[in-house]
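Coordinates as given in start_23.txt (compact mmCIF, C-alpha atoms):
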```
# COMPACT_ATOMS: atom_id res chain seq x y z
CA MET A 1 -13.60 31.80 25.39
CA GLY A 2 -13.24 28.97 22.89
CA GLU A 3 -12.49 26.70 25.85
CA ASP A 4 -15.85 27.34 27.50
CA PRO A 5 -18.13 24.33 27.39
CA THR A 6 -21.62 24.70 26.06
CA GLN A 7 -24.77 23.80 27.96
CA ASP A 8 -24.40 20.00 27.52
CA GLY A 9 -20.72 19.98 28.56
CA LYS A 10 -19.16 19.81 25.08
CA ARG A 11 -17.19 22.50 23.33
CA PHE A 12 -18.76 24.25 20.38
CA ASP A 13 -17.52 22.75 17.09
CA PRO A 14 -18.28 24.89 14.03
CA LEU A 15 -17.49 21.97 11.68
CA ASP A 16 -19.88 19.54 13.35
CA ALA A 17 -22.71 20.45 10.98
CA TRP A 18 -20.41 19.90 7.97
CA ARG A 19 -19.42 16.48 9.28
CA GLY A 20 -23.08 15.51 9.56
CA VAL A 21 -23.75 16.65 5.99
CA ARG A 22 -20.67 14.76 4.79
CA ASP A 23 -21.78 11.55 6.53
CA VAL A 24 -25.28 11.73 5.03
CA TYR A 25 -23.78 12.48 1.59
CA MET A 26 -21.34 9.53 1.82
CA ASP A 27 -24.11 7.15 2.93
CA ALA A 28 -26.32 8.17 0.00
CA TRP A 29 -23.45 7.75 -2.48
CA SER A 30 -22.47 4.35 -1.09
CA LYS A 31 -26.04 3.04 -1.33
CA ASN A 32 -26.34 4.26 -4.93
CA MET A 33 -22.96 2.80 -5.89
CA VAL A 34 -23.79 -0.60 -4.39
CA GLU A 35 -27.05 -0.68 -6.35
CA MET A 36 -25.27 0.32 -9.56
CA VAL A 37 -22.42 -2.17 -9.20
CA ASN A 38 -24.84 -5.05 -8.64
CA THR A 39 -26.53 -4.62 -12.04
CA GLU A 40 -25.98 -6.72 -15.15
CA ALA A 41 -25.26 -3.65 -17.26
CA TYR A 42 -22.35 -2.69 -15.01
CA ALA A 43 -20.93 -6.23 -15.21
CA GLN A 44 -21.13 -6.18 -19.03
CA ALA A 45 -19.52 -2.74 -19.25
CA THR A 46 -16.72 -3.73 -16.90
CA GLY A 47 -16.16 -6.95 -18.86
CA ALA A 48 -15.97 -5.04 -22.15
CA MET A 49 -13.45 -2.55 -20.71
CA LEU A 50 -11.34 -5.39 -19.31
CA ASP A 51 -11.33 -7.23 -22.65
CA THR A 52 -10.28 -4.05 -24.44
CA TYR A 53 -7.51 -3.41 -21.93
CA LEU A 54 -6.17 -6.96 -22.16
CA THR A 55 -6.24 -6.88 -25.96
CA ALA A 56 -4.42 -3.56 -26.08
CA SER A 57 -1.82 -4.48 -23.45
CA THR A 58 -0.89 -7.91 -24.86
CA PRO A 59 1.83 -6.70 -27.29
CA PHE A 60 3.42 -4.55 -24.57
CA ARG A 61 3.35 -7.40 -22.08
CA GLU A 62 4.93 -9.81 -24.57
CA ALA A 63 7.67 -7.31 -25.43
CA LEU A 64 8.38 -6.79 -21.74
CA GLU A 65 8.57 -10.56 -21.16
CA LYS A 66 11.03 -11.00 -24.06
CA ALA A 67 13.21 -8.16 -22.79
CA MET A 68 13.15 -9.61 -19.27
CA VAL A 69 14.14 -13.08 -20.50
CA LYS A 70 17.05 -11.63 -22.49
CA THR A 71 18.18 -9.56 -19.53
CA LEU A 72 18.04 -12.54 -17.19
CA GLU A 73 20.01 -14.64 -19.70
CA GLN A 74 22.71 -11.98 -19.91
CA LEU A 75 22.91 -11.84 -16.12
CA ALA A 76 23.06 -15.66 -15.94
CA MET A 77 19.91 -15.75 -13.83
CA PRO A 78 17.01 -18.17 -14.20
CA SER A 79 13.79 -17.00 -15.78
CA ARG A 80 10.35 -17.80 -14.44
CA ALA A 81 10.05 -20.69 -16.90
CA ASP A 82 13.37 -22.11 -15.67
CA VAL A 83 12.26 -21.98 -12.04
CA VAL A 84 8.90 -23.57 -12.87
CA SER A 85 10.68 -26.34 -14.80
CA ILE A 86 12.99 -27.08 -11.88
CA ALA A 87 10.06 -27.06 -9.45
CA GLU A 88 8.20 -29.58 -11.62
CA ARG A 89 11.27 -31.80 -11.80
CA MET A 90 11.77 -31.64 -8.05
CA THR A 91 8.12 -32.52 -7.46
CA ASN A 92 8.47 -35.49 -9.81
CA ILE A 93 11.61 -36.65 -7.97
CA GLU A 94 9.90 -36.27 -4.61
CA MET A 95 6.93 -38.34 -5.79
CA ARG A 96 9.26 -41.07 -7.07
CA LEU A 97 11.13 -41.12 -3.77
CA ASP A 98 7.83 -41.46 -1.90
CA ASP A 99 6.87 -44.36 -4.17
CA LEU A 100 10.24 -46.05 -3.57
CA ASP A 101 9.85 -45.52 0.17
CA ALA A 102 6.43 -47.17 0.10
CA LYS A 103 7.81 -50.10 -1.92
CA LEU A 104 10.70 -50.54 0.51
CA ASP A 105 8.25 -50.55 3.41
CA SER A 106 6.18 -53.29 1.76
CA ILE A 107 9.33 -55.32 0.98
CA HIS A 108 10.43 -54.91 4.59
CA ARG A 109 7.06 -56.15 5.82
CA LEU A 110 7.13 -59.14 3.47
CA ILE A 111 10.63 -60.13 4.60
CA ALA A 112 9.61 -59.77 8.24
CA GLN A 113 6.56 -61.97 7.63
CA ALA A 114 8.67 -64.61 5.83
CA VAL A 115 11.20 -64.74 8.68
CA GLY A 116 8.45 -64.72 11.28
CA ALA A 117 9.72 -61.73 13.17
CA PRO A 118 7.36 -58.87 13.88
CA PRO A 119 8.02 -55.95 11.53
CA GLN A 120 9.92 -53.16 13.20
CA PRO A 121 8.87 -49.63 12.35
CA ARG A 122 11.41 -47.79 10.24
CA LYS A 123 12.81 -44.54 11.48
CA ALA A 124 11.70 -41.46 9.60
CA ARG A 125 14.18 -40.04 7.15
CA GLN A 126 16.17 -37.18 8.52
CA PRO A 127 17.77 -34.61 6.29
CA ALA A 128 21.53 -34.90 5.94
CA LYS A 129 23.40 -32.60 8.28
CA ALA A 130 25.77 -30.09 6.79
CA GLN A 131 29.16 -31.47 7.83
CA GLN A 132 31.20 -29.97 5.05
CA PRO A 133 31.94 -26.68 6.83
CA ALA A 134 33.37 -28.62 9.80
CA LYS A 135 35.52 -30.78 7.48
CA ALA A 136 36.67 -27.69 5.65
CA LYS A 137 37.63 -26.13 8.96
CA LYS A 138 39.66 -29.22 9.93
CA THR A 139 41.37 -29.23 6.55
CA VAL A 140 42.34 -25.59 6.89
CA THR A 141 43.72 -26.11 10.39
CA ALA A 142 45.58 -29.26 9.28
CA LYS A 143 47.17 -27.33 6.40
CA LYS A 144 48.22 -24.56 8.78
CA ALA A 145 49.74 -27.13 11.12
CA LYS A 146 51.73 -28.71 8.27
CA ARG A 147 52.98 -25.30 7.16
CA GLY A 148 54.06 -24.54 10.69
CA ARG A 149 56.18 -27.73 10.82
CA LYS A 150 58.11 -26.90 7.66
```

Output the file's structure in the form of structure tokens.
Amino acid sequence: MGEDPTQDGKRFDPLDAWRGVRDVYMDAWSKNMVEMVNTEAYAQATGAMLDTYLTASTPFREALEKAMVKTLEQLAMPSRADVVSIAERMTNIEMRLDDLDAKLDSIHRLIAQAVGAPPQPRKARQPAKAQQPAKAKKTVTAKKAKRGRK
């Protein structure tokens, strides 16, 4: 009986009317909320609440930061300030290397001009390959071979 389609071919849904009411209700609320949020009074009230929250939470945040720094020190781990400091140093080193690279290129060009040869383009720097594991492997096998001889 509940499976029987109605006249237009759809099943009867007793909650269909409630869904329509809900949709109209949600549309009305969303329009009113958008109008309210876009007012100056709302912006001032939100700003005042945010200022109050930030003022009240500052001592707790500072205490949490101090506890976290002490915990990280005890665990021999870097704090955020340590990581930022290292990042700044690495950026400074990278900039200096770029400056040195540019100076070397200009010196190379000047030497090439003085000799009269056309300047040859330098190859791009490639990162050093990790060869230590292979050396360590050879060392271990060499030690085993020596032990086997004795």

**OP:** Calculate how many Å separate CA of Ser85 (chain A) from CA of Val69 (chain A), rounding to one decimal.
**Re:** 14.8 Å

**OP:** One decimal, Å: what's the distance from CA of Thr58 (chain A) over to CA of Ala45 (chain A), could you say?
**Re:**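 Between CA of Thr58 (chain A) and CA of Ala45 (chain A) the gap is 20.1 Å.
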
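The two atoms in question, CA of Val84 (chain A) and CA of Leu72 (chain A), are spaced 15.0 Å apart.
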
Could you list, with a cut-off of 12 Å and counting all atoms listed in the file, the residues of region 33-74 of chain A near region 9-29 of chain A, each shown with its nearest atom pair and the distance in Å rounded to one decimal, rows sorted by chain and ascending number, as a Markdown table?
```
| residue | atom | partner | partner_atom | distance |
| --- | --- | --- | --- | --- |
| A:Met33 | CA | A:Trp29 | CA | 6.0 |
| A:Val34 | CA | A:Trp29 | CA | 8.6 |
| A:Glu35 | CA | A:Trp29 | CA | 9.9 |
| A:Met36 | CA | A:Trp29 | CA | 10.4 |
```

Please save C-alpha atoms of the selected residues as a PDB file, in the frame of the given file.
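again05.pdb, freshly written:
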```pdb
ATOM      1  CA  MET A  33     -22.960   2.800  -5.890  1.00  0.00           C
ATOM      2  CA  VAL A  34     -23.790  -0.600  -4.390  1.00  0.00           C
ATOM      3  CA  GLU A  35     -27.050  -0.680  -6.350  1.00  0.00           C
ATOM      4  CA  MET A  36     -25.270   0.320  -9.560  1.00  0.00           C
TER       5      MET A  36
END
```

Output region 28-49 of chain A as a CSV table (one decimal), keeping the file's coordinate frame, making sure N, CA and C atoms are there.
```csv
chain,number,residue,atom,x,y,z
A,28,ALA,N,-25.5,8.2,1.2
A,28,ALA,CA,-26.3,8.2,0.0
A,28,ALA,C,-25.5,7.7,-1.2
A,29,TRP,N,-24.3,8.2,-1.4
A,29,TRP,CA,-23.4,7.8,-2.5
A,29,TRP,C,-23.1,6.3,-2.4
A,30,SER,N,-22.8,5.8,-1.2
A,30,SER,CA,-22.5,4.4,-1.1
A,30,SER,C,-23.7,3.5,-1.4
A,31,LYS,N,-24.9,3.8,-1.0
A,31,LYS,CA,-26.0,3.0,-1.3
A,31,LYS,C,-26.3,3.0,-2.8
A,32,ASN,N,-26.1,4.2,-3.5
A,32,ASN,CA,-26.3,4.3,-4.9
A,32,ASN,C,-25.3,3.5,-5.7
A,33,MET,N,-24.0,3.5,-5.2
A,33,MET,CA,-23.0,2.8,-5.9
A,33,MET,C,-23.1,1.3,-5.7
A,34,VAL,N,-23.6,0.8,-4.6
A,34,VAL,CA,-23.8,-0.6,-4.4
A,34,VAL,C,-24.9,-1.1,-5.3
A,35,GLU,N,-26.0,-0.3,-5.4
A,35,GLU,CA,-27.0,-0.7,-6.4
A,35,GLU,C,-26.6,-0.7,-7.8
A,36,MET,N,-25.7,0.3,-8.2
A,36,MET,CA,-25.3,0.3,-9.6
A,36,MET,C,-24.3,-0.8,-9.9
A,37,VAL,N,-23.4,-1.1,-9.0
A,37,VAL,CA,-22.4,-2.2,-9.2
A,37,VAL,C,-23.1,-3.6,-9.3
A,38,ASN,N,-24.2,-3.7,-8.6
A,38,ASN,CA,-24.8,-5.0,-8.6
A,38,ASN,C,-25.8,-5.3,-9.8
A,39,THR,N,-25.7,-4.5,-10.9
A,39,THR,CA,-26.5,-4.6,-12.0
A,39,THR,C,-25.8,-5.4,-13.1
A,40,GLU,N,-26.5,-6.0,-14.0
A,40,GLU,CA,-26.0,-6.7,-15.2
A,40,GLU,C,-25.3,-5.8,-16.1
A,41,ALA,N,-25.8,-4.6,-16.3
A,41,ALA,CA,-25.3,-3.6,-17.3
A,41,ALA,C,-23.9,-3.2,-16.8
A,42,TYR,N,-23.7,-3.0,-15.5
A,42,TYR,CA,-22.4,-2.7,-15.0
A,42,TYR,C,-21.4,-3.8,-15.2
A,43,ALA,N,-21.8,-5.1,-15.0
A,43,ALA,CA,-20.9,-6.2,-15.2
A,43,ALA,C,-20.5,-6.3,-16.7
A,44,GLN,N,-21.5,-6.1,-17.6
A,44,GLN,CA,-21.1,-6.2,-19.0
A,44,GLN,C,-20.2,-5.1,-19.4
A,45,ALA,N,-20.4,-3.9,-18.9
A,45,ALA,CA,-19.5,-2.7,-19.2
A,45,ALA,C,-18.1,-3.0,-18.7
A,46,THR,N,-18.0,-3.4,-17.5
A,46,THR,CA,-16.7,-3.7,-16.9
A,46,THR,C,-16.0,-4.8,-17.7
A,47,GLY,N,-16.7,-5.9,-18.1
A,47,GLY,CA,-16.2,-7.0,-18.9
A,47,GLY,C,-15.6,-6.5,-20.2
A,48,ALA,N,-16.4,-5.6,-20.9
A,48,ALA,CA,-16.0,-5.0,-22.2
A,48,ALA,C,-14.7,-4.2,-22.0
A,49,MET,N,-14.6,-3.4,-20.9
A,49,MET,CA,-13.4,-2.6,-20.7
A,49,MET,C,-12.2,-3.4,-20.4
```
